[in-house]
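The file data-v1.cif comes next; it holds mmCIF, C-alpha atoms and all ligand atoms.
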```
data_my_file
loop_
_atom_site.label_atom_id
_atom_site.label_comp_id
_atom_site.auth_asym_id
_atom_site.auth_seq_id
_atom_site.Cartn_x
_atom_site.Cartn_y
_atom_site.Cartn_z
CA GLU A 17 223.20 81.04 -69.35
CA PRO A 18 222.37 84.68 -68.54
CA GLY A 19 224.60 86.29 -65.96
CA VAL A 20 227.24 83.56 -66.19
CA LEU A 21 230.57 84.52 -67.74
CA THR A 22 233.45 82.40 -69.01
CA VAL A 23 236.96 83.83 -69.48
CA GLU A 24 240.10 82.29 -70.88
CA ALA A 25 242.35 81.30 -67.99
CA LYS A 26 244.95 78.81 -66.82
CA PRO A 27 244.74 75.83 -66.48
CA TYR A 28 241.41 76.06 -68.35
CA SER A 29 238.61 78.62 -68.76
CA PHE A 30 237.04 80.10 -65.63
CA THR A 31 233.23 80.25 -65.46
CA PHE A 32 231.57 82.45 -62.83
CA PRO A 33 228.04 83.64 -62.05
CA MET A 34 228.12 87.45 -61.79
CA LYS A 35 225.57 87.45 -58.95
CA THR A 36 227.66 85.31 -56.62
CA THR A 37 231.12 86.53 -57.64
CA ALA A 38 233.03 89.14 -55.66
CA LEU A 39 236.16 91.08 -56.54
CA LEU A 40 238.67 90.75 -53.69
CA VAL A 41 241.41 93.40 -53.66
CA ILE A 42 244.24 92.43 -51.32
CA ASP A 43 246.27 94.99 -49.33
CA MET A 44 246.67 97.79 -51.90
CA GLN A 45 247.93 99.93 -49.02
CA ARG A 46 250.37 102.83 -49.05
CA ASP A 47 252.64 100.81 -46.76
CA PHE A 48 253.17 98.25 -49.54
CA ILE A 49 253.06 100.54 -52.59
CA CYS A 50 254.43 103.98 -51.70
CA SER A 51 258.03 104.89 -51.00
CA GLY A 52 258.84 105.19 -47.32
CA GLY A 53 256.35 102.46 -46.42
CA PHE A 54 256.75 99.10 -44.73
CA GLY A 55 257.46 97.24 -48.00
CA GLU A 56 260.27 99.47 -49.15
CA ILE A 57 261.84 99.54 -45.69
CA GLN A 58 261.84 95.71 -45.70
CA GLY A 59 263.69 95.74 -49.02
CA GLY A 60 260.79 95.51 -51.40
CA ASN A 61 261.22 96.57 -55.04
CA LEU A 62 258.33 99.01 -55.45
CA LYS A 63 258.27 99.39 -59.25
CA ALA A 64 256.31 96.19 -59.93
CA VAL A 65 253.73 96.76 -57.23
CA GLN A 66 253.26 100.38 -58.32
CA ASP A 67 252.69 99.16 -61.89
CA SER A 68 249.81 96.98 -60.67
CA VAL A 69 247.76 99.96 -59.44
CA ALA A 70 246.45 101.12 -62.85
CA PRO A 71 245.36 97.64 -64.05
CA THR A 72 243.73 97.04 -60.67
CA LYS A 73 241.87 100.34 -61.02
CA ALA A 74 240.60 99.22 -64.45
CA LEU A 75 239.44 95.90 -62.97
CA LEU A 76 237.81 97.67 -60.01
CA ASN A 77 235.93 100.03 -62.32
CA ALA A 78 234.75 97.18 -64.55
CA CYS A 79 233.55 95.14 -61.58
CA ARG A 80 231.78 98.18 -60.09
CA ASN A 81 230.07 98.86 -63.43
CA ALA A 82 229.04 95.20 -63.71
CA GLY A 83 227.49 95.33 -60.23
CA LEU A 84 229.86 92.79 -58.65
CA GLN A 85 230.32 92.92 -54.92
CA ILE A 86 233.68 94.39 -53.90
CA PHE A 87 235.79 93.36 -50.92
CA HIS A 88 239.05 95.10 -49.92
CA THR A 89 241.56 93.90 -47.32
CA ARG A 90 244.19 95.76 -45.32
CA GLU A 91 247.01 94.11 -43.38
CA GLY A 92 247.69 95.78 -40.07
CA GLN A 93 247.85 95.49 -36.33
CA VAL A 94 245.90 97.23 -33.58
CA PRO A 95 247.96 100.09 -32.06
CA SER A 96 248.98 98.00 -29.01
CA LEU A 97 250.25 95.24 -31.39
CA ALA A 98 248.32 92.80 -29.16
CA ASP A 99 247.10 90.99 -32.29
CA CYS A 100 250.60 90.54 -33.72
CA PRO A 101 251.88 87.05 -33.01
CA SER A 102 255.44 86.96 -31.75
CA SER A 103 256.39 84.76 -34.71
CA LYS A 104 255.50 87.66 -37.01
CA LEU A 105 257.06 90.36 -34.87
CA ILE A 106 260.29 88.51 -34.07
CA ARG A 107 261.26 87.78 -37.64
CA GLN A 108 260.56 91.38 -38.61
CA SER A 109 262.16 93.01 -35.60
CA ALA A 110 265.54 94.43 -34.73
CA SER A 111 266.70 91.32 -32.90
CA PRO A 112 270.16 89.73 -33.05
CA ALA A 113 268.64 87.20 -35.49
CA ASN A 114 267.67 90.02 -37.78
CA THR A 115 270.24 92.39 -39.16
CA GLN A 116 268.26 93.18 -42.31
CA HIS A 117 265.34 95.27 -41.12
CA LEU A 118 266.05 98.71 -39.70
CA LYS A 119 262.43 99.38 -38.84
CA VAL A 120 259.69 96.95 -37.89
CA ILE A 121 255.92 96.69 -37.48
CA GLY A 122 254.76 99.44 -35.13
CA ASP A 123 257.81 101.67 -35.63
CA LYS A 124 257.31 105.22 -36.83
CA GLY A 125 257.86 105.72 -40.55
CA GLU A 126 257.24 108.59 -42.95
CA MET A 127 253.54 107.67 -43.19
CA GLY A 128 252.92 106.90 -39.53
CA ARG A 129 253.51 103.72 -37.54
CA LEU A 130 254.22 100.86 -39.95
CA LEU A 131 251.30 98.50 -40.58
CA VAL A 132 249.25 99.92 -37.71
CA ARG A 133 245.52 100.49 -38.17
CA GLY A 134 244.47 104.11 -38.39
CA GLU A 135 247.82 105.34 -39.71
CA PHE A 136 248.09 107.03 -43.12
CA GLY A 137 250.43 104.36 -44.50
CA HIS A 138 248.08 101.58 -43.46
CA ASP A 139 245.25 102.87 -45.64
CA ILE A 140 244.52 102.01 -49.26
CA VAL A 141 246.15 104.11 -52.00
CA ASP A 142 244.08 107.06 -53.30
CA GLU A 143 243.39 105.45 -56.70
CA LEU A 144 241.74 102.38 -55.17
CA GLN A 145 239.89 103.88 -52.20
CA PRO A 146 236.82 101.78 -51.31
CA LEU A 147 233.33 103.19 -51.83
CA ALA A 148 231.06 103.37 -48.78
CA SER A 149 229.08 100.40 -50.17
CA GLU A 150 232.13 98.14 -50.32
CA VAL A 151 233.42 95.81 -47.60
CA VAL A 152 236.80 96.51 -45.99
CA ILE A 153 238.36 93.64 -44.02
CA ASP A 154 241.16 94.46 -41.57
CA LYS A 155 243.42 91.45 -41.07
CA PRO A 156 246.25 90.96 -38.59
CA GLY A 157 247.97 88.27 -40.66
CA LYS A 158 249.00 87.53 -44.21
CA GLY A 159 245.92 85.49 -45.08
CA SER A 160 242.51 87.20 -45.18
CA PHE A 161 240.62 84.46 -43.33
CA TRP A 162 242.60 84.09 -40.11
CA ASN A 163 241.17 86.20 -37.28
CA THR A 164 238.79 88.20 -39.54
CA PRO A 165 235.05 88.09 -40.35
CA ILE A 166 235.61 87.64 -44.09
CA LEU A 167 234.19 84.10 -44.33
CA HIS A 168 230.98 85.23 -42.66
CA ARG A 169 230.74 88.36 -44.80
CA LEU A 170 231.24 86.36 -48.02
CA LYS A 171 228.68 83.74 -46.90
CA ALA A 172 226.20 86.43 -45.90
CA GLN A 173 226.32 87.75 -49.45
CA GLY A 174 226.11 84.27 -51.00
CA ILE A 175 229.51 84.58 -52.67
CA THR A 176 230.83 81.41 -54.34
CA HIS A 177 233.49 82.76 -56.74
CA LEU A 178 236.30 85.30 -56.28
CA LEU A 179 238.26 87.40 -58.73
CA VAL A 180 241.43 88.22 -56.82
CA ALA A 181 243.77 91.20 -57.22
CA GLY A 182 246.36 92.85 -55.00
CA VAL A 183 249.79 92.64 -53.41
CA THR A 184 252.05 90.99 -52.85
CA THR A 185 251.72 87.94 -55.09
CA GLU A 186 254.17 85.84 -53.12
CA CYS A 187 252.73 86.79 -49.75
CA CYS A 188 249.15 87.89 -48.94
CA PHE A 189 247.67 87.31 -52.40
CA THR A 190 248.49 83.60 -52.60
CA THR A 191 248.00 82.98 -48.88
CA THR A 192 244.45 84.30 -49.25
CA ILE A 193 243.74 82.24 -52.39
CA ARG A 194 244.89 79.08 -50.62
CA GLU A 195 242.70 79.88 -47.61
CA ALA A 196 239.70 80.65 -49.83
CA ASN A 197 240.16 77.46 -51.87
CA ASP A 198 240.08 75.35 -48.71
CA ARG A 199 236.78 76.99 -47.77
CA GLY A 200 235.13 76.13 -51.09
CA PHE A 201 235.49 79.37 -53.04
CA GLU A 202 236.43 79.16 -56.73
CA CYS A 203 239.27 81.67 -57.12
CA CYS A 204 240.72 83.32 -60.19
CA GLY A 205 243.76 85.59 -59.76
CA ILE A 206 244.15 88.36 -62.33
CA LEU A 207 247.70 88.45 -63.69
CA GLN A 208 248.21 92.18 -64.35
CA CYS A 209 246.45 93.08 -61.09
CA THR A 210 248.90 91.41 -58.76
CA ALA A 211 252.63 91.96 -58.26
CA GLY A 212 255.36 91.11 -55.84
CA TYR A 213 258.65 92.36 -54.46
CA ASN A 214 260.48 89.32 -55.84
CA ALA A 215 259.68 88.61 -59.49
CA ALA A 216 260.87 85.00 -59.42
CA LEU A 217 258.81 84.18 -56.35
CA ALA A 218 255.77 86.01 -57.74
CA THR A 219 255.92 84.02 -60.97
CA ALA A 220 256.37 80.75 -59.09
CA SER A 221 253.49 81.63 -56.76
CA LEU A 222 251.15 82.22 -59.70
CA GLY A 223 252.27 79.00 -61.32
CA MET A 224 251.46 77.10 -58.14
CA ILE A 225 247.87 78.37 -58.12
CA TYR A 226 246.98 76.65 -61.38
CA TRP A 227 249.52 73.82 -61.35
CA SER A 228 248.14 70.27 -61.49
CA GLN A 229 244.81 71.19 -63.13
CA GLY A 230 244.19 74.08 -60.78
CA LEU A 231 245.53 73.02 -57.39
CA PHE A 232 244.30 76.24 -55.76
CA GLY A 233 242.38 77.90 -58.60
CA PHE A 234 242.81 79.82 -61.84
CA VAL A 235 244.86 82.69 -63.26
CA ALA A 236 243.44 84.90 -66.03
CA GLU A 237 244.79 87.89 -67.93
CA LEU A 238 243.04 91.20 -67.28
CA GLN A 239 241.88 91.97 -70.84
CA PRO A 240 239.53 89.00 -71.30
CA VAL A 241 237.96 89.83 -67.93
CA LEU A 242 237.46 93.48 -68.94
CA ASP A 243 235.98 92.34 -72.29
N1 LIG A 301 250.20 92.19 -48.30
C1 LIG A 301 251.33 91.53 -48.19
O1 LIG A 301 251.72 90.78 -49.08
N2 LIG A 301 252.08 91.73 -47.04
C2 LIG A 301 253.39 91.51 -46.94
O2 LIG A 301 253.95 91.50 -45.85
N3 LIG A 301 254.04 91.32 -48.11
C3 LIG A 301 255.35 91.05 -48.25
O3 LIG A 301 255.75 90.75 -49.35
N4 LIG A 301 256.17 91.14 -47.20
#
```
Mind turning this structure into structure tokens?
Amino acid sequence: EPGVLTVEAKPYSFTFPMKTTALLVIDMQRDFICSGGFGEIQGGNLKAVQDSVAPTKALLNACRNAGLQIFHTREGQVPSLADCPSSKLIRQSASPANTQHLKVIGDKGEMGRLLVRGEFGHDIVDELQPLASEVVIDKPGKGSFWNTPILHRLKAQGITHLLVAGVTTECCFTTTIREANDRGFECCGILQCTAGYNAALATASLGMIYWSQGLFGFVAELQPVLD
């Protein structure tokens, strides 16, 4: 069928119509990837996530060249933190229950206030900056669908299938795939284009996506998708 592609994937090959497939790039923000950002301050190992930038750039270029629609997300709060649920703030704040984190959401870091919209650290890394024609979704939570317009934006464009990239695998990447799967989108995560701060959890998270004949979707390697 013209315009319909099939790539090798787990648990079995992933077939997607180019016209109704979007690339979704999750949270490739300085705060998660650069030193001195939120992720590193929280104890994140940056090497793996930094290594995912170049493959993600290759995927982004290929999808742009193929005319796919591109969606980017950014995790962050409004400056007042009014959209940050206490459950999120408390467990990442300097409370007696938390002796691990020295700085928390909204505190001033080297790249501005951590995970706050409008700050330098909140924005997407230089290599993956969105084009003016691409959609950017600002999300207050880990998933991309809670408290954002992404469902409506995807529906407005007739999107049925998602190629998913971004960080971190164990957090926002898989949360978003689970949310998207429940809303009827066929999702395929791209292995080399996602990474986490905890390798064991990242691997387990990817395994869970395609476990049991694709519980939440598919996982493909980058090269077959580029080909
Ligand atoms: N984007 C994303 O995954 N946000 C996180 O908070 N990740 C962590 O691993 N903490």
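Applying the 12 Å criterion to (242.9, 76.6, -71.2) in file coordinates and using only C-alpha atoms, one obtains the residues Thr22, Val23, Glu24, Ala25, Lys26, Pro27, Tyr28, Ser29, Phe30, Thr31, Tyr226, Gln229, Gly230, Phe234, Val235, Ala236 and Glu237 of chain A.
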### Query
Which protein, DNA or RNA residues are at most 12 Å from (248.7, 95.9, -40.2) in the file's coordinates when you count all atoms listed in the file, listed as a ChimeraX atom specification?
/A:43,45-48,53-55,89-101,104-105,120-123,128-140,153-160,188
Can I get the selection written as a PDB file, in the frame of the given file, with C-alpha atoms?
```pdb
ATOM      1  CA  ASP A  43     246.270  94.990 -49.330  1.00  0.00           C
ATOM      2  CA  GLN A  45     247.930  99.930 -49.020  1.00  0.00           C
ATOM      3  CA  ARG A  46     250.370 102.830 -49.050  1.00  0.00           C
ATOM      4  CA  ASP A  47     252.640 100.810 -46.760  1.00  0.00           C
ATOM      5  CA  PHE A  48     253.170  98.250 -49.540  1.00  0.00           C
ATOM      6  CA  GLY A  53     256.350 102.460 -46.420  1.00  0.00           C
ATOM      7  CA  PHE A  54     256.750  99.100 -44.730  1.00  0.00           C
ATOM      8  CA  GLY A  55     257.460  97.240 -48.000  1.00  0.00           C
ATOM      9  CA  THR A  89     241.560  93.900 -47.320  1.00  0.00           C
ATOM     10  CA  ARG A  90     244.190  95.760 -45.320  1.00  0.00           C
ATOM     11  CA  GLU A  91     247.010  94.110 -43.380  1.00  0.00           C
ATOM     12  CA  GLY A  92     247.690  95.780 -40.070  1.00  0.00           C
ATOM     13  CA  GLN A  93     247.850  95.490 -36.330  1.00  0.00           C
ATOM     14  CA  VAL A  94     245.900  97.230 -33.580  1.00  0.00           C
ATOM     15  CA  PRO A  95     247.960 100.090 -32.060  1.00  0.00           C
ATOM     16  CA  SER A  96     248.980  98.000 -29.010  1.00  0.00           C
ATOM     17  CA  LEU A  97     250.250  95.240 -31.390  1.00  0.00           C
ATOM     18  CA  ALA A  98     248.320  92.800 -29.160  1.00  0.00           C
ATOM     19  CA  ASP A  99     247.100  90.990 -32.290  1.00  0.00           C
ATOM     20  CA  CYS A 100     250.600  90.540 -33.720  1.00  0.00           C
ATOM     21  CA  PRO A 101     251.880  87.050 -33.010  1.00  0.00           C
ATOM     22  CA  LYS A 104     255.500  87.660 -37.010  1.00  0.00           C
ATOM     23  CA  LEU A 105     257.060  90.360 -34.870  1.00  0.00           C
ATOM     24  CA  VAL A 120     259.690  96.950 -37.890  1.00  0.00           C
ATOM     25  CA  ILE A 121     255.920  96.690 -37.480  1.00  0.00           C
ATOM     26  CA  GLY A 122     254.760  99.440 -35.130  1.00  0.00           C
ATOM     27  CA  ASP A 123     257.810 101.670 -35.630  1.00  0.00           C
ATOM     28  CA  GLY A 128     252.920 106.900 -39.530  1.00  0.00           C
ATOM     29  CA  ARG A 129     253.510 103.720 -37.540  1.00  0.00           C
ATOM     30  CA  LEU A 130     254.220 100.860 -39.950  1.00  0.00           C
ATOM     31  CA  LEU A 131     251.300  98.500 -40.580  1.00  0.00           C
ATOM     32  CA  VAL A 132     249.250  99.920 -37.710  1.00  0.00           C
ATOM     33  CA  ARG A 133     245.520 100.490 -38.170  1.00  0.00           C
ATOM     34  CA  GLY A 134     244.470 104.110 -38.390  1.00  0.00           C
ATOM     35  CA  GLU A 135     247.820 105.340 -39.710  1.00  0.00           C
ATOM     36  CA  PHE A 136     248.090 107.030 -43.120  1.00  0.00           C
ATOM     37  CA  GLY A 137     250.430 104.360 -44.500  1.00  0.00           C
ATOM     38  CA  HIS A 138     248.080 101.580 -43.460  1.00  0.00           C
ATOM     39  CA  ASP A 139     245.250 102.870 -45.640  1.00  0.00           C
ATOM     40  CA  ILE A 140     244.520 102.010 -49.260  1.00  0.00           C
ATOM     41  CA  ILE A 153     238.360  93.640 -44.020  1.00  0.00           C
ATOM     42  CA  ASP A 154     241.160  94.460 -41.570  1.00  0.00           C
ATOM     43  CA  LYS A 155     243.420  91.450 -41.070  1.00  0.00           C
ATOM     44  CA  PRO A 156     246.250  90.960 -38.590  1.00  0.00           C
ATOM     45  CA  GLY A 157     247.970  88.270 -40.660  1.00  0.00           C
ATOM     46  CA  LYS A 158     249.000  87.530 -44.210  1.00  0.00           C
ATOM     47  CA  GLY A 159     245.920  85.490 -45.080  1.00  0.00           C
ATOM     48  CA  SER A 160     242.510  87.200 -45.180  1.00  0.00           C
ATOM     49  CA  CYS A 188     249.150  87.890 -48.940  1.00  0.00           C
TER      50      CYS A 188
END
```
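Separating CA of Thr184 in chain A from CA of Gly205 in chain A is a distance of 12.1 Å.
Distance annotation: of A:Val20, A:Ile193, A:Leu39, A:Val183, the residue with the minimal separation from Asn77 in chain A is A:Leu39; atom set is all atoms listed in the file.
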### Query
What is the CA of Gly125 in chain A to CA of Asn61 in chain A distance in Å?
17.5 Å
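Across the model, the gap from CA of Val180 in chain A to CA of Arg194 in chain A is 11.6 Å.
Counting only C-alpha atoms and comparing A:Met34, A:Ser51, A:Ser221, A:Thr210, the residue that lies closest to Met127 in chain A is A:Ser51.
The residue that comes closest to Ala82 in chain A, out of A:Gln145, A:Thr190, A:Thr37, A:Ser103 and on the basis of all atoms listed in the file, is A:Thr37.
Across A:Phe32, A:Phe161, A:Phe201, A:Phe87, the tightest approach to Gly233 in chain A is made by A:Phe201 when counting only C-alpha atoms.
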Please put the answer as lines of an AutoDock Vina configuration file: centre and edge lengths, in Å with one decimal, of a box along x, y and z that encloses all listed atoms of ligand LIG 301 (chain A) plus 3 Å on each side.
```
center_x = 253.2
center_y = 91.5
center_z = -47.6
size_x = 12.0
size_y = 7.4
size_z = 9.5
```
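Here the question is which of A:Thr192, A:Thr164, A:Ser68, A:Thr176 gets nearest to Thr36 in chain A using all atoms listed in the file, and that residue is A:Thr176.
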### Query
Between A:Cys209, A:Cys204, A:Ala218, A:Leu179, which is the closest to ligand LIG 301 (chain A) once you count all atoms listed in the file?
A:Ala218
### Task
Excluding Leu62 in chain A and any residue of its chain fewer than 6 positions from it, enumerate the residues within 7 Å of it, using all atoms listed in the file, and give them as a VMD selection string.
chain A and resid 49 56 213
### Task
With a distance cut-off of 12 Å and only C-alpha atoms, select the neighbouring residues of Lys35 in chain A, excluding the residue or stretch itself and same-chain residues fewer than 2 positions from it, and output the selection as a list in words.
Pro18, Gly19, Val20, Leu21, Phe32, Pro33, Thr37, Ala38, Leu39, Cys79, Ala82, Gly83, Leu84, Gln85, Ile86, Gln173, Gly174, Ile175, Thr176, His177 and Leu178 of chain A
